[in-house]
There are 2 protein chains.
Amino acid sequence: MVDLNFKNGIIPVAAQDNETGEVLMIAFMNEDAFELTLKTGCVHYWSRKNSRVWKKGEESGHFQRVKQILVDCDNDSLVIKVDQVRAACHTGFRSCFFRTIDGTTIGKKVFDPELVYKTGDTTAESHSKSSQK
Amino acid sequence: MVDLNFKNGIIPVAAQDNETGEVLMIAFMNEDAFELTLKTGCVHYWSRKNSRVWKKGEESGHFQRVKQILVDCDNDSLVIKVDQVRAACHTGFRSCFFRTIDGTTIGKKVFDPELVYKTGDTTAESHSKSSQK
């Protein structure tokens, strides 16, 4: 196993759709999140905002099942190829990267977040990654 | 233009091969690196180790030409689809993610780093991203 370099305790992770190659989200892991990911086969992240480990899909059921974990040359970032249940983004899009930098939506909405999340508060502006459960 | 959320002054970026969808590297940008990327059409990053902006390929000539910039739902991470000149990794592989987490090499070496970098010091362990020029 490669010895990872957790800078300031965390490491950036890109979750990539194992089938399509689409990057679904970028988030961070601490050592605990990484170990839980290995142990369970479901991706866990570290919430910088809430200072806690969270399991992707813990509220929505939109889990990310690990297919392959790749590590970079410096051992300080990961690409995890996943089977994504339904969609990665809490706003209803398959990928969190559903917009170009000029704000144009290019992604496809695949679920209604108000039917999935209890709060009903589903705007990108009011959500943080910590609530992408 | 989407107003980006630079947490602690930086934002994680995944550079993705525009043709193959392969994730080539993950690094960080500060605002200056982002602005230079927009202005020049070549990807620039922020080196956390050396505290400076660097242009990908500035030493090797292995530039990343911007094809599309995607932003996530929280405006705090980017995917940049690029035309990668030759290879992204300073170790000679096309992608920095040339190993699985168990250390198995799965990538293909496409150049000899000793012929490209002047130092001749090309091991992954001794290099930081700041030297991936």
# chains A, B, ... in the order shown; residues from 1 in each chain; ligands from 1
call {"tool": "interface_residues", "arguments": {"of": "chain A", "to": "chain B", "cutoff": "7 Å", "atoms": "only C-alpha atoms", "output": "ChimeraX atom specification"}}
result
/A:1-2,21,26,69-74,77,96-103,124-125,128
call {"tool": "residues_around", "arguments": {"residues": "Glu31 (chain A)", "least_positions_apart": "3", "cutoff": "12 Å", "atoms": "only C-alpha atoms", "output": "short mmCIF file (atom, residue, chain, number, x, y, z; two decimals) with C-alpha atoms, in the first residue's frame"}}
result
data_model
loop_
_atom_site.label_atom_id
_atom_site.label_comp_id
_atom_site.auth_asym_id
_atom_site.auth_seq_id
_atom_site.Cartn_x
_atom_site.Cartn_y
_atom_site.Cartn_z
CA ASP A 3 2.02 5.63 2.11
CA LEU A 4 -0.11 8.72 1.53
CA ASN A 5 1.01 12.25 2.26
CA PHE A 6 -1.86 13.97 4.08
CA LYS A 7 -0.90 17.64 3.98
CA ASN A 8 -2.49 19.42 6.93
CA GLY A 9 -4.25 16.13 7.58
CA ILE A 10 -6.15 15.97 4.30
CA ILE A 11 -5.78 14.88 0.70
CA PRO A 12 -7.79 15.96 -2.35
CA PHE A 28 -11.09 15.78 0.65
CA PHE A 34 -9.55 6.94 3.68
CA GLU A 35 -9.46 3.93 6.01
CA LEU A 36 -13.27 3.74 6.10
CA THR A 37 -13.33 3.90 2.31
CA LEU A 38 -10.92 0.96 2.10
CA HIS A 44 -16.10 8.51 2.72
CA TYR A 45 -14.89 12.11 2.81
CA TRP A 46 -13.75 14.67 5.35
CA ARG A 52 -16.37 15.30 10.48
CA VAL A 53 -16.12 12.21 8.31
CA ASP A 76 -0.77 13.49 -2.13
#
call {"tool": "select_by_dssp", "arguments": {"residues": "region 12-123 of chain B", "states": "helix (DSSP H, G or I)", "output": "list of chain:residue names"}}
result
B:Glu31, B:Asp32, B:Ala33, B:Phe34, B:Glu35, B:Leu36, B:Thr37, B:Leu38, B:Lys39, B:Thr40, B:Pro113, B:Glu114, B:Leu115, B:Val116
call {"tool": "atom_distance", "arguments": {"atom1": "CA of Ala87 (chain B)", "atom2": "CA of Phe111 (chain B)"}}
result
7.8 Å
call {"tool": "atom_distance", "arguments": {"atom1": "CA of Lys56 (chain B)", "atom2": "CA of Glu114 (chain B)"}}
result
17.9 Å
call {"tool": "select_by_dssp", "arguments": {"residues": "chain B", "states": "strand (DSSP E)", "output": "number ranges by chain"}}
result
B: 11-17, 23-29, 44-47, 52-55, 64-71, 78-84, 99-100
call {"tool": "write_last_selection", "arguments": {"atoms": "C-alpha atoms", "output": "mmCIF file, in the first residue's frame"}}
result
data_model
loop_
_atom_site.group_PDB
_atom_site.id
_atom_site.type_symbol
_atom_site.label_atom_id
_atom_site.label_comp_id
_atom_site.auth_asym_id
_atom_site.auth_seq_id
_atom_site.Cartn_x
_atom_site.Cartn_y
_atom_site.Cartn_z
ATOM 1 C CA ILE B 11 -8.984 25.848 -4.950
ATOM 2 C CA PRO B 12 -8.352 22.221 -6.017
ATOM 3 C CA VAL B 13 -8.222 21.526 -9.739
ATOM 4 C CA ALA B 14 -8.357 18.262 -11.668
ATOM 5 C CA ALA B 15 -6.821 18.469 -15.133
ATOM 6 C CA GLN B 16 -8.566 16.008 -17.407
ATOM 7 C CA ASP B 17 -7.425 14.887 -20.861
ATOM 8 C CA VAL B 23 -7.417 12.547 -15.033
ATOM 9 C CA LEU B 24 -3.861 13.783 -15.569
ATOM 10 C CA MET B 25 -3.144 15.540 -12.279
ATOM 11 C CA ILE B 26 -4.730 17.272 -9.300
ATOM 12 C CA ALA B 27 -3.211 20.492 -8.042
ATOM 13 C CA PHE B 28 -4.251 23.871 -6.650
ATOM 14 C CA MET B 29 -4.797 27.367 -8.002
ATOM 15 C CA HIS B 44 -1.112 27.731 -14.227
ATOM 16 C CA TYR B 45 -1.088 26.390 -10.683
ATOM 17 C CA TRP B 46 -0.168 27.528 -7.202
ATOM 18 C CA SER B 47 2.693 25.674 -5.577
ATOM 19 C CA ARG B 52 4.542 30.710 -6.125
ATOM 20 C CA VAL B 53 2.487 30.514 -9.286
ATOM 21 C CA TRP B 54 3.918 28.170 -11.905
ATOM 22 C CA LYS B 55 2.982 27.470 -15.470
ATOM 23 C CA GLN B 64 -1.763 22.130 -20.737
ATOM 24 C CA ARG B 65 -3.895 24.099 -23.176
ATOM 25 C CA VAL B 66 -7.348 24.874 -21.842
ATOM 26 C CA LYS B 67 -10.265 23.413 -23.747
ATOM 27 C CA GLN B 68 -13.030 23.815 -21.155
ATOM 28 C CA ILE B 69 -13.280 24.859 -17.509
ATOM 29 C CA LEU B 70 -16.003 23.297 -15.363
ATOM 30 C CA VAL B 71 -16.941 24.462 -11.867
ATOM 31 C CA LEU B 78 -12.542 22.982 -10.915
ATOM 32 C CA VAL B 79 -12.193 20.423 -13.661
ATOM 33 C CA ILE B 80 -10.149 21.736 -16.564
ATOM 34 C CA LYS B 81 -10.284 19.774 -19.771
ATOM 35 C CA VAL B 82 -6.957 20.175 -21.502
ATOM 36 C CA ASP B 83 -4.932 19.313 -24.519
ATOM 37 C CA GLN B 84 -1.865 17.930 -22.783
ATOM 38 C CA ARG B 99 -0.278 3.660 -9.960
ATOM 39 C CA THR B 100 -3.037 1.949 -8.052
#
call {"tool": "atom_distance", "arguments": {"atom1": "CA of Val85 (chain B)", "atom2": "CA of Gly107 (chain B)"}}
result
16.6 Å
